[in-house]
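Accompanying notes for the structure given below.
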2 protein chains.
Amino acid sequence: MIFLQGRLGGAGAPGRAAAAVRLARVTSTSPSAMPALDLAADAPDLLQTLIDVPSESLQETVLADAVEAAISAYPHLDVVRDGNTVVARTHLGRAERVVIGGHLDTVPANGNIPSHRLTVDGEDRVYGLGACDMKGGVAVALRLAAELSAPTRDVTWIWYEAEEIDSRYNGLRRLADERPDLLAADFAVLMEPSNAVVEAGCQGTMRVDVRTTGVRAHSARSWMGDNAIHKAGEVLRRLEAYQPRQVEVDGLVYREGLSAVGVRGGVAGNVIPDECVVAVNYRFAPDRTMAEGEAHLREVFDGYDVTVVDAVDGALPGLAHPAAQDFLAAVGGVPSPKFGWTDVARFTALGIPAVNYGTGNPSLAHHKDEFAPVADLRTVEQGLRAWLTS
Amino acid sequence: MIFLQGRLGGAGAPGRAAAAVRLARVTSTSPSAMPALDLAADAPDLLQTLIDVPSESLQETVLADAVEAAISAYPHLDVVRDGNTVVARTHLGRAERVVIGGHLDTVPANGNIPSHRLTVDGEDRVYGLGACDMKGGVAVALRLAAELSAPTRDVTWIWYEAEEIDSRYNGLRRLADERPDLLAADFAVLMEPSNAVVEAGCQGTMRVDVRTTGVRAHSARSWMGDNAIHKAGEVLRRLEAYQPRQVEVDGLVYREGLSAVGVRGGVAGNVIPDECVVAVNYRFAPDRTMAEGEAHLREVFDGYDVTVVDAVDGALPGLAHPAAQDFLAAVGGVPSPKFGWTDVARFTALGIPAVNYGTGNPSLAHHKDEFAPVADLRTVEQGLRAWLTS
């Protein structure tokens, strides 16, 4: 595990040595430089405040401080701070405990801070960095955490750091590895953007390098060499001809994809290249394991050198689970499959059924013009409130 | 024109302002740090001395100083220094003037300095950086320039800088642009490696980028995008299927080539890429002009976006010219076509028939284990001596 200098020991955060994780109940208020969050504010207003506190991955300290300070004001919550991840729990002795989680970080800014609110085509929207992915969900969760002092299910609220970058930094992954007790639950909701409908499970993802080799020569005497880039043509042809599976699981149709996401080759402008690498990303339905996915790719690229670069399993939707059924009944709507990999898979790996349910269109994630429809904020807030009070 | 800091005003070199070229007759001796060249030494010994003075492109000052100092000792030569290019001319009023040229620079060292002499498979060889490309030719030319005080043809000997890198630095190109009077001649011999046989003319070369475009999308929803790398498969397929021409000119068979020398594409590991560029190098026979070559490539890659990155015309062999016939008669052997582009094309562009004639196998150029057979040094030296004294 690697901790970067900049995000340790921020104002108001407990000190932490690089190698050891120390968890501490934090009750002190934070310094005046920290923006105050009004958790009773209307959701779109709170969302705008959250957007206006920059929190690019590994730079979440100011926002985590603000979240921790605001939520610590509510005595029904037991608050734990771990790095820039904040966990707040009710302890009401309910029969069921649920996790509701969302990440605090965003991709780098792209001229989309500060936020603004705009009506487009009759739709009331909040624009700005993270509006969609996923400060809209964070705003709703913060409001409900503050408001619901006696939910019908015990709730573990989690606002975590570093979801948008390499998973070694991911705050939820760290909790799963080091404090799985904090994640113990009967069901989990991850508030990734999902158009305010339940998106269940998630597909796995695997990256492989498909490599061709040849023999270098001067390009003025090309017949003396063996061109590795020319050979990659067949790899690309197979990709172009590939027919991805569509797989039904629990009534949801997952849709796979097999795509070149990079290609590189070439030594110099006058040299026949001896190597070419096609970087391929395989998105596979949750009925297939990583091992099965790898075996499939080795068939597709039979005759070529295939190296797995990284891979994660997907998550089965688990909609048949009673806790999932209760959730679906409370929030309503028709569930969809989640195509992209999300942290729900971490809960699945811990044996906890989990779904995605959040505000905004996932296709807008990481776009300069991302936004959250105010109607989504209302829908998701009402859905979760109905579930936690029924 | 760009002059790099490091190669200006070296010890013994005339000062030169960055923007103005000043040519000066240099008669002063150089400082003691400079290696002395014994132009009466046996050719393989002189070659070893030349190899042991590093002269990577743009770092030729020490070697150019040594060449200038050694050649300036011979009163039958009129020496002109331009940057790190040295020109030495006889002025005997002969009916014919010929240029004999070679470059002083090498590609970067690759553990192949100092030189060594070794007999392999019964062949006596000098190994080391530039042994083949082309200090073998430089050694022979230096010896003959010193020895032949009264050649039957006036000779312009040229040892020039920066042939191995971008042509804006090339010393011969600079002379052609700024002092074409120094290149005036009836015939030119460029001592690039040619296995000690005459290689005539040279092929042209053109680099084009063939670009495919598409639409970005998240790779978890690949069907929302349009993969530009997949489309490049057809570009590579055409390259693989391409049948290059073989063209006879003046009895020599030139052999073309069309090769991908680079490919690049990709935005991120989870993004469907919207652009892919295949860098293609076309080597074309000297019966075809750049414009004809470009038109041909636009046919080959019909339907794709083709951009010409750079191009140079080849050179017709010109063996029918009387000066060429005299040269061939004197040096003997059966001429071959030159496949690679060389600076002979600069002479052709000035209306001067020119050939390649040098020591070593051109296929070994830029190889770590390049060498010059001692027999080549003897053959080429005898061939040129016969021509210049007949």
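By order in the structure tokens, chains are A, B, ...; within a chain, residues start at 1; ligands start at 1, following the order shown.
If you count only C-alpha atoms and ignore residues fewer than 4 places along the chain from range 133-149 of chain A, what sits within 7 Å of it is Leu39, Ala40, Ala43, Leu46, Leu47, Leu50, Ile51, Ile71, Tyr74, His76, Gly102, His103, Leu104, Met191, Glu192, Pro193, Gly358, Thr359, Ala365, Ala372, Leu377 and Glu381 of chain A.
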Compile the residues of chain A that lie within 7 Å of chain B, evaluated using only C-alpha atoms, and express the compilation as a PDB file with N, CA and C atoms, in the first residue's frame.
ATOM      1  N   ALA A 220      14.933   0.519 -46.105  1.00  0.00           N
ATOM      2  CA  ALA A 220      15.322   0.566 -47.519  1.00  0.00           C
ATOM      3  C   ALA A 220      15.512  -0.839 -48.085  1.00  0.00           C
ATOM      4  N   ARG A 221      15.658  -1.827 -47.190  1.00  0.00           N
ATOM      5  CA  ARG A 221      15.782  -3.235 -47.620  1.00  0.00           C
ATOM      6  C   ARG A 221      14.775  -4.040 -46.800  1.00  0.00           C
ATOM      7  N   SER A 222      13.499  -3.687 -46.973  1.00  0.00           N
ATOM      8  CA  SER A 222      12.456  -4.225 -46.094  1.00  0.00           C
ATOM      9  C   SER A 222      12.352  -5.739 -46.202  1.00  0.00           C
ATOM     10  N   ILE A 229       4.402  -5.004 -37.192  1.00  0.00           N
ATOM     11  CA  ILE A 229       3.171  -4.196 -37.244  1.00  0.00           C
ATOM     12  C   ILE A 229       2.212  -4.751 -38.298  1.00  0.00           C
ATOM     13  N   HIS A 230       2.763  -5.168 -39.445  1.00  0.00           N
ATOM     14  CA  HIS A 230       1.883  -5.766 -40.458  1.00  0.00           C
ATOM     15  C   HIS A 230       1.140  -6.976 -39.879  1.00  0.00           C
ATOM     16  N   GLY A 233      -2.195  -6.665 -38.053  1.00  0.00           N
ATOM     17  CA  GLY A 233      -3.416  -6.472 -38.832  1.00  0.00           C
ATOM     18  C   GLY A 233      -4.425  -7.582 -38.559  1.00  0.00           C
ATOM     19  N   GLU A 234      -3.946  -8.807 -38.459  1.00  0.00           N
ATOM     20  CA  GLU A 234      -4.840  -9.947 -38.213  1.00  0.00           C
ATOM     21  C   GLU A 234      -5.454  -9.863 -36.805  1.00  0.00           C
ATOM     22  N   LEU A 236      -6.179  -7.081 -35.238  1.00  0.00           N
ATOM     23  CA  LEU A 236      -7.224  -6.057 -35.325  1.00  0.00           C
ATOM     24  C   LEU A 236      -8.426  -6.572 -36.118  1.00  0.00           C
ATOM     25  N   ARG A 237      -8.142  -7.381 -37.135  1.00  0.00           N
ATOM     26  CA  ARG A 237      -9.237  -7.940 -37.933  1.00  0.00           C
ATOM     27  C   ARG A 237     -10.121  -8.829 -37.051  1.00  0.00           C
ATOM     28  N   LEU A 239     -10.541  -8.556 -33.862  1.00  0.00           N
ATOM     29  CA  LEU A 239     -11.290  -7.667 -32.968  1.00  0.00           C
ATOM     30  C   LEU A 239     -12.494  -7.063 -33.695  1.00  0.00           C
ATOM     31  N   GLU A 240     -12.266  -6.665 -34.951  1.00  0.00           N
ATOM     32  CA  GLU A 240     -13.339  -6.023 -35.700  1.00  0.00           C
ATOM     33  C   GLU A 240     -14.474  -7.017 -35.972  1.00  0.00           C
ATOM     34  N   GLY A 257     -17.957  -6.637 -24.205  1.00  0.00           N
ATOM     35  CA  GLY A 257     -17.238  -5.854 -25.208  1.00  0.00           C
ATOM     36  C   GLY A 257     -15.791  -6.290 -25.256  1.00  0.00           C
ATOM     37  N   SER A 259     -12.327  -4.751 -26.967  1.00  0.00           N
ATOM     38  CA  SER A 259     -11.894  -3.553 -27.681  1.00  0.00           C
ATOM     39  C   SER A 259     -10.402  -3.342 -27.568  1.00  0.00           C
ATOM     40  N   ALA A 260      -9.783  -2.989 -28.686  1.00  0.00           N
ATOM     41  CA  ALA A 260      -8.432  -2.445 -28.616  1.00  0.00           C
ATOM     42  C   ALA A 260      -8.534  -1.081 -27.943  1.00  0.00           C
ATOM     43  N   VAL A 261      -7.749  -0.880 -26.898  1.00  0.00           N
ATOM     44  CA  VAL A 261      -7.719   0.437 -26.247  1.00  0.00           C
ATOM     45  C   VAL A 261      -6.361   1.098 -26.458  1.00  0.00           C
ATOM     46  N   GLY A 262      -5.447   0.408 -27.111  1.00  0.00           N
ATOM     47  CA  GLY A 262      -4.155   1.002 -27.410  1.00  0.00           C
ATOM     48  C   GLY A 262      -3.407   0.131 -28.396  1.00  0.00           C
ATOM     49  N   VAL A 263      -2.504   0.752 -29.130  1.00  0.00           N
ATOM     50  CA  VAL A 263      -1.606  -0.005 -30.001  1.00  0.00           C
ATOM     51  C   VAL A 263      -0.303   0.768 -30.077  1.00  0.00           C
ATOM     52  N   ARG A 264       0.788   0.041 -30.009  1.00  0.00           N
ATOM     53  CA  ARG A 264       2.087   0.722 -30.105  1.00  0.00           C
ATOM     54  C   ARG A 264       3.079  -0.196 -30.804  1.00  0.00           C
ATOM     55  N   GLY A 265       3.901   0.425 -31.620  1.00  0.00           N
ATOM     56  CA  GLY A 265       4.926  -0.313 -32.331  1.00  0.00           C
ATOM     57  C   GLY A 265       5.764   0.672 -33.094  1.00  0.00           C
ATOM     58  N   GLY A 266       7.019   0.295 -33.359  1.00  0.00           N
ATOM     59  CA  GLY A 266       7.875   1.171 -34.144  1.00  0.00           C
ATOM     60  C   GLY A 266       9.164   1.460 -33.427  1.00  0.00           C
ATOM     61  N   ALA A 268      12.030   3.264 -35.362  1.00  0.00           N
ATOM     62  CA  ALA A 268      12.457   4.531 -35.941  1.00  0.00           C
ATOM     63  C   ALA A 268      11.829   4.606 -37.320  1.00  0.00           C
ATOM     64  N   GLY A 269      11.891   5.798 -37.905  1.00  0.00           N
ATOM     65  CA  GLY A 269      11.225   6.024 -39.184  1.00  0.00           C
ATOM     66  C   GLY A 269      11.826   5.242 -40.332  1.00  0.00           C
ATOM     67  N   ASN A 270      12.994   4.625 -40.133  1.00  0.00           N
ATOM     68  CA  ASN A 270      13.650   3.886 -41.221  1.00  0.00           C
ATOM     69  C   ASN A 270      13.964   2.445 -40.815  1.00  0.00           C
ATOM     70  N   VAL A 271      13.191   1.929 -39.858  1.00  0.00           N
ATOM     71  CA  VAL A 271      13.457   0.572 -39.365  1.00  0.00           C
ATOM     72  C   VAL A 271      12.189  -0.275 -39.443  1.00  0.00           C
ATOM     73  N   ILE A 272      12.314  -1.483 -39.997  1.00  0.00           N
ATOM     74  CA  ILE A 272      11.216  -2.456 -39.956  1.00  0.00           C
ATOM     75  C   ILE A 272      11.071  -2.895 -38.508  1.00  0.00           C
ATOM     76  N   PRO A 273       9.888  -2.693 -37.918  1.00  0.00           N
ATOM     77  CA  PRO A 273       9.723  -2.934 -36.474  1.00  0.00           C
ATOM     78  C   PRO A 273       9.641  -4.420 -36.131  1.00  0.00           C
ATOM     79  N   ARG A 283     -14.515  -6.632 -21.442  1.00  0.00           N
ATOM     80  CA  ARG A 283     -15.544  -6.434 -20.408  1.00  0.00           C
ATOM     81  C   ARG A 283     -16.452  -7.650 -20.454  1.00  0.00           C
ATOM     82  N   PHE A 339     -23.016  -2.147 -16.654  1.00  0.00           N
ATOM     83  CA  PHE A 339     -22.023  -2.617 -17.619  1.00  0.00           C
ATOM     84  C   PHE A 339     -20.596  -2.380 -17.115  1.00  0.00           C
ATOM     85  N   GLY A 340     -20.383  -1.212 -16.538  1.00  0.00           N
ATOM     86  CA  GLY A 340     -19.031  -0.880 -16.086  1.00  0.00           C
ATOM     87  C   GLY A 340     -18.720  -1.566 -14.771  1.00  0.00           C
TER      88      GLY A 340
END
One decimal place gives the CA of Ile165 in chain B-CA of Ser57 in chain B separation as 6.9 Å
Show me, as number ranges by chain, the residues that have an atom within 9 Å of range 316-330 of chain A when counting only C-alpha atoms, minus same-chain residues fewer than 4 positions from it.
A: 96, 186-188, 198-203, 249-250, 252, 285-287, 334-335, 337-338, 345, 348, 353-355, 383-388, 390
Selected residues, N, CA and C atoms, written as a compact mmCIF listing (two decimals), in the first residue's frame, please.
# COMPACT_ATOMS: atom_id res chain seq x y z
N GLU A 96 -31.23 -5.69 10.71
CA GLU A 96 -30.46 -5.67 9.46
C GLU A 96 -29.56 -4.44 9.43
N ASP A 186 -25.78 -6.63 5.61
CA ASP A 186 -26.62 -7.59 4.91
C ASP A 186 -26.82 -7.20 3.45
N PHE A 187 -26.56 -5.94 3.15
CA PHE A 187 -26.82 -5.44 1.81
C PHE A 187 -26.05 -4.13 1.66
N ALA A 188 -25.67 -3.82 0.43
CA ALA A 188 -24.94 -2.57 0.21
C ALA A 188 -25.47 -1.85 -1.02
N VAL A 198 -32.11 1.31 -10.26
CA VAL A 198 -31.19 0.32 -9.70
C VAL A 198 -30.44 -0.35 -10.84
N GLU A 199 -29.11 -0.31 -10.77
CA GLU A 199 -28.29 -1.08 -11.70
C GLU A 199 -27.62 -2.17 -10.87
N ALA A 200 -27.81 -3.40 -11.33
CA ALA A 200 -27.43 -4.51 -10.46
C ALA A 200 -26.17 -5.21 -10.96
N GLY A 201 -25.37 -5.66 -10.00
CA GLY A 201 -24.14 -6.38 -10.33
C GLY A 201 -23.18 -5.48 -11.07
N CYS A 202 -22.19 -6.06 -11.69
CA CYS A 202 -21.35 -5.31 -12.62
C CYS A 202 -20.54 -6.32 -13.42
N GLN A 203 -20.09 -5.87 -14.60
CA GLN A 203 -19.28 -6.74 -15.45
C GLN A 203 -17.82 -6.72 -14.96
N VAL A 249 -28.73 -12.71 -16.80
CA VAL A 249 -28.51 -13.20 -15.43
C VAL A 249 -29.55 -12.52 -14.55
N ASP A 250 -30.32 -13.29 -13.78
CA ASP A 250 -31.37 -12.74 -12.91
C ASP A 250 -32.31 -11.81 -13.69
N LEU A 252 -31.54 -9.85 -16.08
CA LEU A 252 -30.86 -8.67 -16.62
C LEU A 252 -29.95 -9.12 -17.77
N ALA A 285 -19.39 -10.44 -18.80
CA ALA A 285 -20.58 -10.56 -17.96
C ALA A 285 -20.25 -11.31 -16.68
N PRO A 286 -21.03 -11.07 -15.61
CA PRO A 286 -20.68 -11.65 -14.30
C PRO A 286 -20.94 -13.15 -14.19
N ASP A 287 -21.42 -13.79 -15.27
CA ASP A 287 -21.54 -15.25 -15.23
C ASP A 287 -20.18 -15.90 -15.53
N VAL A 334 -37.59 -0.47 -12.53
CA VAL A 334 -37.13 -1.73 -13.12
C VAL A 334 -35.60 -1.74 -13.10
N PRO A 335 -35.01 -2.72 -12.45
CA PRO A 335 -33.55 -2.72 -12.40
C PRO A 335 -32.91 -2.98 -13.77
N PRO A 337 -28.95 -3.85 -15.82
CA PRO A 337 -27.61 -4.39 -15.55
C PRO A 337 -26.59 -3.24 -15.52
N LYS A 338 -25.54 -3.38 -14.70
CA LYS A 338 -24.45 -2.40 -14.71
C LYS A 338 -23.37 -2.92 -15.65
N ALA A 345 -18.38 -4.77 -6.70
CA ALA A 345 -17.72 -6.09 -6.73
C ALA A 345 -16.95 -6.36 -5.45
N THR A 348 -19.52 -7.81 -3.13
CA THR A 348 -19.82 -9.17 -3.58
C THR A 348 -18.73 -10.12 -3.13
N PRO A 353 -24.55 -8.91 -0.85
CA PRO A 353 -25.22 -8.48 -2.09
C PRO A 353 -25.20 -6.96 -2.18
N ALA A 354 -25.01 -6.44 -3.38
CA ALA A 354 -24.85 -4.99 -3.53
C ALA A 354 -25.37 -4.54 -4.87
N VAL A 355 -25.88 -3.32 -4.92
CA VAL A 355 -26.37 -2.74 -6.18
C VAL A 355 -25.83 -1.31 -6.31
N GLY A 383 -36.32 7.54 -2.71
CA GLY A 383 -36.21 6.07 -2.74
C GLY A 383 -35.51 5.54 -1.51
N LEU A 384 -34.36 6.14 -1.21
CA LEU A 384 -33.60 5.66 -0.05
C LEU A 384 -34.34 5.95 1.26
N ARG A 385 -34.97 7.10 1.32
CA ARG A 385 -35.71 7.44 2.54
C ARG A 385 -36.84 6.44 2.77
N ALA A 386 -37.55 6.12 1.68
CA ALA A 386 -38.65 5.14 1.77
C ALA A 386 -38.13 3.81 2.30
N TRP A 387 -36.98 3.40 1.77
CA TRP A 387 -36.41 2.11 2.16
C TRP A 387 -35.98 2.13 3.63
N LEU A 388 -35.36 3.22 4.06
CA LEU A 388 -34.78 3.28 5.40
C LEU A 388 -35.81 3.62 6.47
N SER A 390 -39.20 2.33 6.03
CA SER A 390 -40.33 1.39 5.89
C SER A 390 -40.11 0.17 6.78
Which of range 68-236 of chain A DSSP labels helix (DSSP H, G or I), written as a ChimeraX atom specification
/A:68-71,131-147,167-169,171-178,180-183,219-224,228-236
Quick one: residues within 12 Å of Gly122 in chain B, only C-alpha atoms counted, chain neighbours fewer than 3 positions away excluded, as a ChimeraX atom specification?
/B:118-119,125,373-375
Tyr304 in chain B surroundings by only C-alpha atoms, 8 Å radius, close-in-sequence under 2 positions cut, as a ChimeraX atom specification
/B:210-212,301-302,306
